[in-house]
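Novice: Please find structure-v9.cif (mmCIF, C-alpha atoms) on the next line:
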```cif
data_final
loop_
_atom_site.label_atom_id
_atom_site.label_comp_id
_atom_site.auth_asym_id
_atom_site.auth_seq_id
_atom_site.Cartn_x
_atom_site.Cartn_y
_atom_site.Cartn_z
CA MET A 26 31.78 17.22 -107.48
CA ASN A 27 32.72 20.27 -109.53
CA LYS A 28 36.03 21.95 -110.13
CA GLN A 29 35.38 24.80 -107.68
CA SER A 30 34.72 22.63 -104.65
CA MET A 31 37.70 20.49 -105.57
CA ASN A 32 39.77 23.65 -105.49
CA LEU A 33 38.44 24.61 -102.03
CA LEU A 34 39.23 21.20 -100.61
CA LEU A 35 42.75 21.46 -101.96
CA ARG A 36 43.23 24.86 -100.34
CA VAL A 37 41.94 23.70 -96.93
CA GLY A 38 44.23 20.73 -97.09
CA ALA A 39 47.19 22.89 -97.88
CA ALA A 40 46.42 25.27 -95.03
CA ALA A 41 46.14 22.38 -92.60
CA ALA A 42 49.45 21.03 -93.76
CA VAL A 43 51.14 24.41 -93.30
CA LEU A 44 49.68 24.77 -89.82
CA GLY A 45 50.80 21.28 -88.89
CA LEU A 46 54.29 21.96 -90.12
CA ALA A 47 54.45 25.26 -88.30
CA ALA A 48 53.39 23.54 -85.09
CA CYS A 49 56.05 20.95 -85.54
CA ALA A 50 58.61 23.57 -86.35
CA SER A 51 58.29 25.34 -82.97
CA PRO A 52 58.13 23.25 -79.78
CA GLU A 53 57.57 26.50 -77.74
CA LYS A 54 54.34 27.41 -79.48
CA THR A 55 51.89 24.93 -77.93
CA PRO A 56 52.63 25.62 -74.23
CA ALA A 57 52.58 29.37 -74.91
CA THR A 58 49.20 29.14 -76.63
CA ALA A 59 47.87 27.03 -73.74
CA ALA A 60 49.21 29.47 -71.13
CA VAL A 61 47.59 32.41 -72.91
CA ALA A 62 44.29 30.51 -73.07
CA VAL A 63 44.45 29.72 -69.33
CA SER A 64 45.18 33.37 -68.53
CA HIS A 65 42.33 34.51 -70.74
CA ASN A 66 40.06 32.23 -68.77
CA ALA A 67 41.40 33.59 -65.46
CA VAL A 68 40.72 37.17 -66.60
CA ASP A 69 37.15 36.22 -67.59
CA ASN A 70 36.58 34.64 -64.19
CA ALA A 71 37.93 37.71 -62.40
CA VAL A 72 35.68 40.00 -64.46
CA SER A 73 32.58 37.95 -63.68
CA ALA A 74 33.55 38.03 -59.97
CA GLY A 75 33.34 41.84 -60.15
CA ALA A 76 37.06 42.64 -60.35
CA PRO A 77 36.62 45.75 -62.60
CA GLU A 78 34.81 47.49 -59.70
CA LEU A 79 36.45 45.80 -56.72
CA ALA A 80 40.09 45.29 -57.90
CA PRO A 81 40.56 47.72 -60.83
CA GLU A 82 44.36 47.96 -60.50
CA GLU A 83 44.94 44.20 -60.69
CA ILE A 84 42.46 43.55 -63.49
CA THR A 85 43.96 46.40 -65.55
CA ALA A 86 47.41 44.90 -65.10
CA ALA A 87 46.11 41.46 -66.09
CA ARG A 88 44.40 42.77 -69.23
CA SER A 89 47.43 44.79 -70.27
CA LYS A 90 49.71 41.75 -69.90
CA MET A 91 47.17 39.59 -71.75
CA MET A 92 47.33 42.06 -74.65
CA GLN A 93 51.10 41.99 -74.67
CA ALA A 94 51.08 38.19 -74.49
CA ASN A 95 48.81 38.07 -77.53
CA GLN A 96 51.10 40.45 -79.37
CA ALA A 97 54.12 38.29 -78.48
CA LEU A 98 52.24 35.23 -79.67
CA ALA A 99 51.49 36.96 -82.97
CA ALA A 100 55.15 37.90 -83.24
CA LYS A 101 56.01 34.25 -82.54
CA ASP A 102 57.97 35.26 -79.41
CA TYR A 103 56.63 32.26 -77.58
CA LYS A 104 58.91 32.50 -74.53
CA ARG A 105 57.80 36.06 -73.83
CA ALA A 106 54.19 35.19 -74.57
CA ARG A 107 54.33 32.43 -71.97
CA GLU A 108 56.01 34.62 -69.35
CA LEU A 109 53.45 37.39 -69.85
CA ALA A 110 50.61 34.89 -69.74
CA VAL A 111 51.87 33.52 -66.41
CA GLN A 112 52.06 37.05 -64.95
CA ALA A 113 48.62 37.95 -66.35
CA GLN A 114 47.23 34.82 -64.73
CA ALA A 115 48.76 35.74 -61.35
CA ASP A 116 47.29 39.24 -61.66
CA ALA A 117 43.88 37.91 -62.68
CA LYS A 118 43.76 35.41 -59.82
CA LEU A 119 44.67 38.12 -57.34
CA ALA A 120 41.98 40.38 -58.85
CA GLN A 121 39.39 37.63 -58.45
CA ALA A 122 40.46 36.85 -54.88
CA LYS A 123 40.34 40.57 -53.98
CA ALA A 124 36.87 40.94 -55.50
CA ASN A 125 35.63 37.88 -53.62
CA SER A 126 37.10 39.00 -50.30
CA ALA A 127 35.69 42.52 -50.73
CA LYS A 128 32.21 41.08 -51.33
CA ALA A 129 32.44 38.63 -48.45
CA THR A 130 33.75 41.32 -46.10
CA ALA A 131 30.94 43.71 -47.09
CA ALA A 132 28.34 40.98 -46.59
CA SER A 133 29.86 40.06 -43.24
CA ASN A 134 29.85 43.69 -42.10
CA ALA A 135 26.25 44.15 -43.20
CA LEU A 136 25.17 41.00 -41.41
CA ASN A 137 26.99 41.98 -38.23
CA GLU A 138 25.31 45.38 -38.37
CA ASP A 139 21.93 43.67 -38.80
CA LEU A 140 22.75 41.49 -35.84
CA ARG A 141 23.69 44.50 -33.73
CA VAL A 142 20.42 46.28 -34.61
CA LEU A 143 18.42 43.12 -33.95
CA ARG A 144 20.02 42.68 -30.54
CA GLN A 145 19.30 46.30 -29.72
CA GLU A 146 15.63 45.82 -30.66
CA VAL A 147 15.33 42.65 -28.62
CA ASP A 148 16.98 44.30 -25.62
CA ARG A 149 14.62 47.27 -25.94
CA ALA A 150 11.57 45.01 -26.27
CA ASN A 151 12.67 43.07 -23.20
CA SER A 152 13.36 46.18 -21.13
CA ASP A 153 10.01 47.72 -22.18
CA GLN A 154 8.35 44.66 -20.79
CA GLN A 155 9.82 45.13 -17.34
CA MET B 22 104.95 22.20 -44.07
CA LYS B 23 104.74 23.54 -47.56
CA ALA B 24 102.22 20.93 -48.55
CA HIS B 25 100.11 21.80 -45.54
CA PHE B 26 100.17 25.51 -46.40
CA LEU B 27 99.12 24.72 -49.92
CA LYS B 28 96.23 22.63 -48.68
CA SER B 29 95.10 25.46 -46.40
CA ALA B 30 95.33 28.01 -49.19
CA ILE B 31 93.25 25.82 -51.50
CA PHE B 32 90.66 25.29 -48.77
CA ALA B 33 90.44 29.02 -48.04
CA SER B 34 90.01 29.92 -51.67
CA ALA B 35 87.36 27.23 -52.03
CA VAL B 36 85.47 28.68 -49.07
CA LEU B 37 85.75 32.15 -50.55
CA LEU B 38 84.51 30.97 -53.93
CA SER B 39 81.60 29.12 -52.49
CA ALA B 40 80.75 32.13 -50.31
CA CYS B 41 80.76 34.29 -53.38
CA SER B 42 78.52 31.98 -55.32
CA THR B 43 75.98 31.69 -52.44
CA VAL B 44 75.70 35.44 -51.83
CA PRO B 45 72.30 35.75 -53.47
CA THR B 46 71.52 38.32 -56.05
CA THR B 47 68.34 40.07 -55.00
CA THR B 48 65.96 42.72 -56.25
CA ALA B 49 63.46 45.05 -54.57
CA THR B 50 60.56 42.94 -55.86
CA LEU B 51 62.10 39.73 -54.52
CA ASP B 52 62.65 41.37 -51.12
CA GLU B 53 59.01 42.45 -51.10
CA ALA B 54 57.86 39.00 -52.11
CA ARG B 55 59.91 37.44 -49.28
CA ALA B 56 58.57 39.91 -46.71
CA ASP B 57 55.00 39.31 -47.88
CA TYR B 58 55.62 35.58 -47.70
CA VAL B 59 56.83 35.80 -44.09
CA ALA B 60 53.73 37.84 -43.19
CA ALA B 61 51.47 35.28 -44.88
CA SER B 62 53.16 32.34 -43.15
CA ASN B 63 52.58 34.12 -39.82
CA ASN B 64 48.87 34.51 -40.60
CA PRO B 65 47.06 31.45 -39.15
CA GLN B 66 44.02 32.16 -41.34
CA VAL B 67 46.17 31.60 -44.44
CA ALA B 68 47.19 28.16 -43.16
CA GLN B 69 43.59 27.37 -42.28
CA TYR B 70 41.71 28.75 -45.26
CA ALA B 71 44.18 29.02 -48.20
CA PRO B 72 46.66 26.12 -47.99
CA LEU B 73 46.57 25.46 -51.76
CA GLU B 74 47.14 29.11 -52.69
CA PHE B 75 49.92 29.36 -50.09
CA ARG B 76 51.67 26.30 -51.55
CA GLN B 77 51.50 27.79 -55.03
CA ALA B 78 52.95 31.04 -53.65
CA SER B 79 55.66 29.06 -51.92
CA GLU B 80 56.56 27.28 -55.17
CA ALA B 81 56.66 30.56 -57.08
CA LEU B 82 58.93 32.08 -54.44
CA ASP B 83 61.20 29.03 -54.64
CA ARG B 84 61.57 29.55 -58.37
CA ALA B 85 62.43 33.21 -57.86
CA ASN B 86 64.93 32.31 -55.13
CA GLN B 87 66.53 29.68 -57.35
CA ALA B 88 66.84 32.16 -60.20
CA ALA B 89 68.50 34.58 -57.79
CA ALA B 90 70.84 31.86 -56.52
CA LYS B 91 71.81 31.00 -60.08
CA ARG B 92 72.50 34.68 -60.70
CA GLU B 93 70.11 34.83 -63.57
CA SER B 94 69.28 38.16 -65.12
CA LEU B 95 67.63 40.73 -62.83
CA ASP B 96 64.77 40.85 -65.27
CA THR B 97 64.13 37.14 -64.83
CA ILE B 98 64.40 37.36 -61.05
CA ASP B 99 62.01 40.33 -60.99
CA ARG B 100 59.54 38.57 -63.23
CA LEU B 101 59.50 35.41 -61.07
CA ALA B 102 59.43 37.49 -57.85
CA TYR B 103 56.47 39.47 -59.18
CA VAL B 104 54.50 36.27 -59.79
CA ALA B 105 55.44 35.03 -56.31
CA LYS B 106 54.36 38.32 -54.77
CA GLN B 107 51.00 38.26 -56.53
CA ARG B 108 50.44 34.67 -55.44
CA VAL B 109 51.23 35.48 -51.80
CA ALA B 110 48.73 38.36 -52.02
CA THR B 111 46.21 35.98 -53.59
CA ALA B 112 46.62 33.55 -50.69
CA GLN B 113 46.04 36.43 -48.24
CA GLU B 114 42.92 37.55 -50.10
CA VAL B 115 41.51 34.01 -50.30
CA ALA B 116 42.10 33.62 -46.56
CA LYS B 117 40.38 36.96 -45.95
CA ALA B 118 37.37 35.94 -48.05
CA LYS B 119 37.03 32.58 -46.34
CA THR B 120 37.37 34.22 -42.92
CA ALA B 121 34.60 36.65 -43.84
CA GLU B 122 32.45 33.74 -45.07
CA ALA B 123 32.99 31.90 -41.79
CA ASP B 124 32.06 35.11 -40.00
CA ILE B 125 28.89 35.34 -42.11
CA ALA B 126 27.94 31.78 -41.18
CA ASP B 127 28.59 32.54 -37.52
CA ALA B 128 26.63 35.80 -37.63
CA SER B 129 23.75 34.01 -39.35
CA ARG B 130 23.66 31.44 -36.58
CA GLN B 131 23.74 34.19 -33.97
CA ARG B 132 20.98 36.06 -35.76
CA ASP B 133 18.84 32.92 -35.83
CA ARG B 134 19.49 32.44 -32.13
CA VAL B 135 18.61 36.04 -31.27
CA GLN B 136 15.46 35.82 -33.37
CA LEU B 137 14.51 32.61 -31.62
CA GLU B 138 15.14 34.22 -28.25
CA ALA B 139 13.04 37.20 -29.27
CA ARG B 140 10.22 34.97 -30.41
CA THR B 141 10.43 32.92 -27.23
CA ALA B 142 10.35 36.08 -25.14
CA GLU B 143 7.37 37.31 -27.12
CA ALA B 144 5.57 34.01 -26.68
CA ASP B 145 6.27 34.10 -22.93
CA ARG B 146 4.97 37.63 -22.81
CA ALA B 147 1.82 36.63 -24.68
CA LYS B 148 1.38 33.68 -22.33
CA ARG B 149 1.71 35.91 -19.28
CA GLU B 150 -0.75 38.39 -20.75
CA ALA B 151 -3.19 35.62 -21.57
CA ALA B 152 -2.88 34.28 -18.02
CA ALA B 153 -3.51 37.76 -16.62
CA ALA B 154 -6.51 38.18 -18.92
CA ASN B 155 -7.82 34.78 -17.85
CA ALA B 156 -7.41 35.74 -14.21
CA GLN B 157 -9.31 38.95 -14.90
CA VAL B 158 -12.07 37.02 -16.63
CA ALA B 159 -12.23 34.60 -13.69
CA ALA B 160 -12.37 37.52 -11.22
CA ALA B 161 -15.11 39.17 -13.27
CA GLN B 162 -17.01 35.90 -13.36
CA GLN B 163 -16.64 35.53 -9.62
CA GLN B 164 -17.89 39.09 -9.16
CA ALA B 165 -20.84 38.38 -11.42
CA GLN B 166 -21.61 35.24 -9.43
CA ASP B 167 -21.35 37.15 -6.16
CA ALA B 168 -23.63 39.86 -7.51
CA GLN B 169 -26.07 37.21 -8.68
CA ALA B 170 -26.00 35.54 -5.29
CA GLN B 171 -26.55 38.91 -3.61
CA ALA B 172 -29.40 39.66 -5.94
CA ALA B 173 -30.92 36.26 -5.21
CA ALA B 174 -30.55 36.82 -1.48
CA ALA B 175 -32.07 40.28 -1.78
CA GLN B 176 -34.89 38.85 -3.82
CA GLN B 177 -35.47 36.16 -1.24
CA GLN B 178 -35.46 38.75 1.52
CA ALA B 179 -37.86 40.88 -0.45
CA ALA B 180 -40.06 37.86 -0.99
CA GLN B 181 -39.96 37.09 2.73
CA LEU B 182 -40.80 40.68 3.54
CA ALA B 183 -43.62 40.69 1.04
CA GLU B 184 -44.93 37.43 2.46
CA ARG B 185 -44.69 38.73 5.98
CA SER B 186 -46.43 41.97 5.14
CA ALA B 187 -49.08 40.09 3.22
CA ARG B 188 -49.65 37.89 6.26
CA LEU B 189 -49.73 40.93 8.55
CA GLU B 190 -52.21 42.54 6.22
CA ALA B 191 -54.37 39.42 6.28
CA ILE B 192 -54.39 39.20 10.07
CA LEU B 193 -55.14 42.90 10.43
CA VAL B 194 -58.03 42.56 8.02
CA GLU B 195 -59.27 39.62 10.05
CA LEU B 196 -59.08 41.71 13.23
CA HIS B 197 -60.89 44.64 11.52
CA ALA B 198 -57.91 46.85 12.17
CA GLN B 199 -58.28 50.49 11.24
CA LYS B 200 -55.53 52.62 9.90
CA THR B 201 -55.07 55.84 11.85
CA GLU B 202 -52.38 58.48 12.17
CA ARG B 203 -51.06 56.77 15.30
CA GLY B 204 -50.89 53.34 13.66
CA MET B 205 -53.16 50.38 13.11
CA VAL B 206 -55.85 50.21 15.75
CA VAL B 207 -57.49 46.92 16.72
CA THR B 208 -60.52 47.21 18.89
CA ILE B 209 -61.39 44.43 21.33
CA GLY B 210 -65.05 44.89 22.05
CA ASP B 211 -66.94 44.39 25.30
CA VAL B 212 -68.20 41.00 24.14
CA LEU B 213 -64.71 39.57 24.43
CA PHE B 214 -64.62 40.23 28.18
CA ALA B 215 -66.67 38.68 30.93
CA THR B 216 -69.41 41.13 32.00
CA ASP B 217 -68.00 43.92 34.20
CA ARG B 218 -64.81 41.96 34.64
CA ALA B 219 -61.27 42.20 33.23
CA GLU B 220 -60.83 38.57 32.16
CA LEU B 221 -60.80 37.86 28.44
CA ASN B 222 -63.15 35.15 27.26
CA ALA B 223 -62.17 32.49 24.65
CA ASN B 224 -62.92 34.76 21.68
CA GLY B 225 -60.93 37.56 23.27
CA MET B 226 -57.97 35.24 23.78
CA ALA B 227 -58.17 34.19 20.13
CA THR B 228 -57.98 37.82 19.05
CA VAL B 229 -55.03 38.49 21.38
CA ARG B 230 -53.26 35.40 20.09
CA LYS B 231 -53.48 36.71 16.54
CA LEU B 232 -52.12 40.03 17.71
CA ALA B 233 -49.27 38.30 19.51
CA GLU B 234 -48.43 36.57 16.26
CA VAL B 235 -48.33 39.92 14.47
CA MET B 236 -46.04 41.25 17.21
CA MET B 237 -43.68 38.26 16.94
CA GLN B 238 -43.45 38.64 13.18
CA ASN B 239 -42.80 42.38 13.37
CA PRO B 240 -40.17 42.90 16.04
CA ASP B 241 -39.86 46.62 15.11
CA ARG B 242 -43.38 47.40 16.21
CA THR B 243 -44.65 48.18 19.71
CA VAL B 244 -48.20 48.30 21.05
CA LEU B 245 -50.14 50.59 23.33
CA VAL B 246 -53.08 48.91 24.98
CA GLU B 247 -55.80 51.43 25.91
CA GLY B 248 -58.85 50.56 28.03
CA PHE B 249 -62.21 52.44 27.93
CA THR B 250 -65.61 52.11 29.57
CA ASP B 251 -69.06 53.68 29.20
CA SER B 252 -70.26 56.42 31.53
CA THR B 253 -72.33 54.10 33.76
CA GLY B 254 -71.04 53.86 37.32
CA SER B 255 -68.51 55.91 39.20
CA SER B 256 -65.62 57.32 37.29
CA SER B 257 -63.11 55.73 39.69
CA HIS B 258 -64.71 52.33 39.10
CA ASN B 259 -64.63 52.95 35.34
CA LYS B 260 -61.04 54.06 35.44
CA ASP B 261 -60.12 51.02 37.44
CA LEU B 262 -61.99 48.66 35.14
CA SER B 263 -60.45 50.21 32.02
CA GLU B 264 -56.97 49.84 33.51
CA ARG B 265 -57.58 46.26 34.56
CA ARG B 266 -58.90 45.31 31.13
CA ALA B 267 -55.89 46.94 29.43
CA GLN B 268 -53.65 45.21 31.92
CA SER B 269 -55.34 41.91 31.16
CA VAL B 270 -54.69 42.24 27.44
CA ALA B 271 -51.08 43.28 28.04
CA GLN B 272 -50.64 40.31 30.36
CA ALA B 273 -52.08 37.99 27.75
CA LEU B 274 -49.70 39.33 25.14
CA SER B 275 -46.65 38.84 27.35
CA SER B 276 -47.81 35.36 28.29
CA LEU B 277 -47.80 34.63 24.54
CA GLY B 278 -44.12 35.64 24.34
CA VAL B 279 -44.26 39.33 23.46
CA PRO B 280 -41.59 41.13 25.54
CA ARG B 281 -43.01 43.49 28.20
CA GLU B 282 -41.01 46.45 27.00
CA ARG B 283 -42.86 46.38 23.69
CA VAL B 284 -46.22 46.57 25.36
CA ALA B 285 -47.47 49.80 26.98
CA MET B 286 -50.94 50.21 28.52
CA ARG B 287 -53.28 52.85 29.82
CA GLY B 288 -56.81 53.06 31.22
CA TYR B 289 -58.93 56.08 30.30
CA GLY B 290 -62.18 55.17 32.09
CA GLU B 291 -65.18 56.75 30.40
CA ALA B 292 -63.07 59.26 28.39
CA TYR B 293 -62.85 59.11 24.60
CA PRO B 294 -66.21 57.50 23.92
CA VAL B 295 -66.78 56.31 20.35
CA ALA B 296 -70.57 56.68 20.68
CA SER B 297 -73.07 58.57 22.88
CA ASN B 298 -73.87 56.66 26.07
CA ASP B 299 -77.67 56.97 25.57
CA THR B 300 -78.52 53.46 24.36
CA ALA B 301 -77.40 50.03 25.56
CA SER B 302 -75.78 49.14 22.23
CA ASN B 303 -73.90 52.48 22.11
CA ARG B 304 -72.69 51.96 25.69
CA GLN B 305 -71.44 48.52 24.65
CA LEU B 306 -69.41 50.17 21.85
CA ASN B 307 -67.78 52.43 24.40
CA ARG B 308 -66.78 49.50 26.61
CA ARG B 309 -63.70 48.40 24.71
CA VAL B 310 -59.94 47.96 24.60
CA GLU B 311 -58.09 49.52 21.71
CA ILE B 312 -54.71 48.19 20.74
CA VAL B 313 -52.59 50.65 18.79
CA LEU B 314 -49.93 48.90 16.73
CA SER B 315 -47.08 51.28 15.97
CA ASN B 316 -45.82 51.86 12.46
CA GLU B 317 -42.59 50.02 11.78
CA GLY B 318 -39.76 51.46 13.90
CA ALA B 319 -41.86 54.46 15.04
CA SER B 320 -43.23 55.30 18.48
CA ILE B 321 -46.91 55.85 19.15
CA PRO B 322 -47.90 59.51 19.55
CA PRO B 323 -50.02 60.24 22.63
CA ARG B 324 -53.77 60.76 22.35
CA ALA B 325 -54.91 64.27 21.57
CA ALA B 326 -56.89 66.12 24.27
CA ALA B 327 -60.21 64.60 25.26
CA ARG B 328 -62.95 64.94 22.66
#
```
For this file, produce the structure as structure tokens.
Specialist:
Amino acid sequence: MNKQSMNLLLRVGAAAAVLGLAACASPEKTPATAAVAVSHNAVDNAVSAGAPELAPEEITAARSKMMQANQALAAKDYKRARELAVQAQADAKLAQAKANSAKATAASNALNEDLRVLRQEVDRANSDQQ
Amino acid sequence: MKAHFLKSAIFASAVLLSACSTVPTTTATLDEARADYVAASNNPQVAQYAPLEFRQASEALDRANQAAAKRESLDTIDRLAYVAKQRVATAQEVAKAKTAEADIADASRQRDRVQLEARTAEADRAKREAAAANAQVAAAQQQAQDAQAQAAAAQQQAAQLAERSARLEAILVELHAQKTERGMVVTIGDVLFATDRAELNANGMATVRKLAEVMMQNPDRTVLVEGFTDSTGSSSHNKDLSERRAQSVAQALSSLGVPRERVAMRGYGEAYPVASNDTASNRQLNRRVEIVLSNEGASIPPRAAAR
């Protein structure tokens, strides 16, 4: 083991200690970080459900609040970060629900139209027969 | 009295204070959230399809209401009311999506049913068409059979006709019949009669019997029996003899079953000789009875003027 790697190990250890201390120092930090992570996840889910096309207003609001939450986190304003994260999550969930309902409604309409056309064809085929 | 008044005053102020503290602080966002919440709780699809989301919305609204009751900052109330409002909207959207999904499932079932009905109808149609085609085939087969039977019957008839005409031909050949314009002519010579008499002898009867058979087999033909003599003797005697001989043949035919109306007869005496009357054998040729057999369905033309 050489002097350089010894030095690196020392530095990593120091950083870990600082981080640990910082965590201990602020009881607000952990829940805020968790809330932001949950909201981030909710935004991702909404995006993969098609929210950018189907619920643009809600997803924009969610992203904007996510950004502000991250900024608050960086500024160590954990209370505000948590509040923004909760709002961003509510926006993202609404965006996802809107996207899902828009898709389901479109599919339902298309299927009902198919059904209408099919019935028409069957009726015509039956009346041609007579 | 004074104590009572004091008590009342304290009570009144307490009521006033408590009234003040329960008058809720509200914001536009909280009002909206409450209105949305009432609408969602009146939507049966929300209760059916989004109970979890509705409970979360309900909890969020409770928090906003509590903050308002505690007269927290408007900012805090707004923030909590906003979350509640979004959660109520989320519950509505989830209910809408699930309703649409249920509708999709229902429409799919209906589509399957309609398709099945269509296929069933098509199959029935095909079955009816096949039955009609089968009936046609059966009718055609029946027709073919009928035609075959007709052809067979016609063939049989033709065969019978051919057989009959072959038999007629054979008998006529046997009787040395001659084909003339008037019909087939069979000559019964003098030798078939008793000398100078009208009675047929055994050979004559045999010839007449064959002729009767021809007549029976050919109901469309008639006969004319013509009697002739040679020039020996008086013409009245000859005429008489020729008539009697013709009569005798006609009688024989009718006795063998040939109807009278199909048999005509005439006596010509010494007229129409077939040979000169100068030798005995020639005179014998002239003494004869000719039987003219009509062509099928035709009448016998009269003899041309005396030769």
Novice: List the residues selected by the PyMOL selection byres ((chain A and resi 67) around 12) in the file shown, writing them as a ChimeraX atom specification.
Specialist: /A:60-66,68-74,76,84,87-88,91,110-122
Novice: I need the contact residues of chain B against chain A, so if you could list those with any atom within 8 Å, counting all atoms listed in the file, and return them as a list in words, that would help.
Specialist: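 Per the criterion, chain B yields Arg100, Tyr103, Val104, Gln107, Arg108, Ala110, Thr111, Glu114, Val115, Lys117, Ala118, Lys119, Ala121, Glu122, Asp124, Ile125, Ala128, Ser129, Gln131, Arg132, Val135, Gln136, Ala139 and Ala142 of chain B.
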Novice: When the PyMOL selection byres ((chain B and resi 307) around 6) is applied to the structure above, which residues does it catch, written out as a VMD selection string?
Specialist: chain B and resid 250 to 251 294 to 295 304 to 306 308 to 309
Novice: Please return, as a PDB file with C-alpha atoms, in the frame of the given file, all polymer residues that have at least one atom within 12 Å of the point (-59.8, 47.3, 27.6); use only C-alpha atoms and the file's own coordinate frame.
Specialist:
```
ATOM      1  CA  VAL B 207     -57.490  46.920  16.720  1.00  0.00           C
ATOM      2  CA  THR B 208     -60.520  47.210  18.890  1.00  0.00           C
ATOM      3  CA  ILE B 209     -61.390  44.430  21.330  1.00  0.00           C
ATOM      4  CA  GLY B 210     -65.050  44.890  22.050  1.00  0.00           C
ATOM      5  CA  ASP B 211     -66.940  44.390  25.300  1.00  0.00           C
ATOM      6  CA  VAL B 212     -68.200  41.000  24.140  1.00  0.00           C
ATOM      7  CA  LEU B 213     -64.710  39.570  24.430  1.00  0.00           C
ATOM      8  CA  PHE B 214     -64.620  40.230  28.180  1.00  0.00           C
ATOM      9  CA  ALA B 215     -66.670  38.680  30.930  1.00  0.00           C
ATOM     10  CA  ASP B 217     -68.000  43.920  34.200  1.00  0.00           C
ATOM     11  CA  ARG B 218     -64.810  41.960  34.640  1.00  0.00           C
ATOM     12  CA  ALA B 219     -61.270  42.200  33.230  1.00  0.00           C
ATOM     13  CA  GLU B 220     -60.830  38.570  32.160  1.00  0.00           C
ATOM     14  CA  LEU B 221     -60.800  37.860  28.440  1.00  0.00           C
ATOM     15  CA  GLY B 225     -60.930  37.560  23.270  1.00  0.00           C
ATOM     16  CA  VAL B 229     -55.030  38.490  21.380  1.00  0.00           C
ATOM     17  CA  LEU B 245     -50.140  50.590  23.330  1.00  0.00           C
ATOM     18  CA  VAL B 246     -53.080  48.910  24.980  1.00  0.00           C
ATOM     19  CA  GLU B 247     -55.800  51.430  25.910  1.00  0.00           C
ATOM     20  CA  GLY B 248     -58.850  50.560  28.030  1.00  0.00           C
ATOM     21  CA  PHE B 249     -62.210  52.440  27.930  1.00  0.00           C
ATOM     22  CA  THR B 250     -65.610  52.110  29.570  1.00  0.00           C
ATOM     23  CA  ASP B 251     -69.060  53.680  29.200  1.00  0.00           C
ATOM     24  CA  ASN B 259     -64.630  52.950  35.340  1.00  0.00           C
ATOM     25  CA  LYS B 260     -61.040  54.060  35.440  1.00  0.00           C
ATOM     26  CA  ASP B 261     -60.120  51.020  37.440  1.00  0.00           C
ATOM     27  CA  LEU B 262     -61.990  48.660  35.140  1.00  0.00           C
ATOM     28  CA  SER B 263     -60.450  50.210  32.020  1.00  0.00           C
ATOM     29  CA  GLU B 264     -56.970  49.840  33.510  1.00  0.00           C
ATOM     30  CA  ARG B 265     -57.580  46.260  34.560  1.00  0.00           C
ATOM     31  CA  ARG B 266     -58.900  45.310  31.130  1.00  0.00           C
ATOM     32  CA  ALA B 267     -55.890  46.940  29.430  1.00  0.00           C
ATOM     33  CA  GLN B 268     -53.650  45.210  31.920  1.00  0.00           C
ATOM     34  CA  SER B 269     -55.340  41.910  31.160  1.00  0.00           C
ATOM     35  CA  VAL B 270     -54.690  42.240  27.440  1.00  0.00           C
ATOM     36  CA  ALA B 271     -51.080  43.280  28.040  1.00  0.00           C
ATOM     37  CA  GLN B 272     -50.640  40.310  30.360  1.00  0.00           C
ATOM     38  CA  MET B 286     -50.940  50.210  28.520  1.00  0.00           C
ATOM     39  CA  ARG B 287     -53.280  52.850  29.820  1.00  0.00           C
ATOM     40  CA  GLY B 288     -56.810  53.060  31.220  1.00  0.00           C
ATOM     41  CA  TYR B 289     -58.930  56.080  30.300  1.00  0.00           C
ATOM     42  CA  GLY B 290     -62.180  55.170  32.090  1.00  0.00           C
ATOM     43  CA  GLU B 291     -65.180  56.750  30.400  1.00  0.00           C
ATOM     44  CA  LEU B 306     -69.410  50.170  21.850  1.00  0.00           C
ATOM     45  CA  ASN B 307     -67.780  52.430  24.400  1.00  0.00           C
ATOM     46  CA  ARG B 308     -66.780  49.500  26.610  1.00  0.00           C
ATOM     47  CA  ARG B 309     -63.700  48.400  24.710  1.00  0.00           C
ATOM     48  CA  VAL B 310     -59.940  47.960  24.600  1.00  0.00           C
ATOM     49  CA  GLU B 311     -58.090  49.520  21.710  1.00  0.00           C
ATOM     50  CA  ILE B 312     -54.710  48.190  20.740  1.00  0.00           C
ATOM     51  CA  VAL B 313     -52.590  50.650  18.790  1.00  0.00           C
TER      52      VAL B 313
END
```
Novice: Expand the PyMOL selection byres ((chain B and resi 95) around 12) into the explicit residue set it covers here, and present it as a list in words.
Specialist: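 On the file shown, the PyMOL selection byres ((chain B and resi 95) around 12) covers Pro45, Thr46, Thr47, Thr48, Ala49, Thr50, Leu51, Ala85, Asn86, Ala88, Ala89, Ala90, Lys91, Arg92, Glu93, Ser94, Asp96, Thr97, Ile98, Asp99, Arg100, Leu101, Ala102 and Tyr103 of chain B.
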Novice: Provide the atom CA of A:Pro77 to atom CA of B:Asn64 distance in Å, to one decimal place.
Specialist: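 So the two atoms, atom CA of A:Pro77 and atom CA of B:Asn64, lie 27.6 Å apart.
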Novice: To one decimal in Å, tell me the separation between atom CA of B:Glu80 and atom CA of B:Pro65.
Specialist: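 Going from atom CA of B:Glu80 over to atom CA of B:Pro65 covers 19.1 Å.
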Novice: Atom CA of A:Gln145 and atom CA of B:Glu143 are how many Å apart?
Specialist: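 Separation between atom CA of A:Gln145 and atom CA of B:Glu143: 15.2 Å.
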Novice: Find the residues around stretch 188-193 of chain B up to 9 Å (all atoms listed in the file counted), leave out those fewer than 6 positions away in its own chain, and share them as a list of chain:residue names.
Specialist: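 My reading of the contact set: B:Gln199, B:Met205, B:Val207, B:Lys231, B:Leu232, B:Glu234, B:Val235, B:Gln238, B:Asn239.
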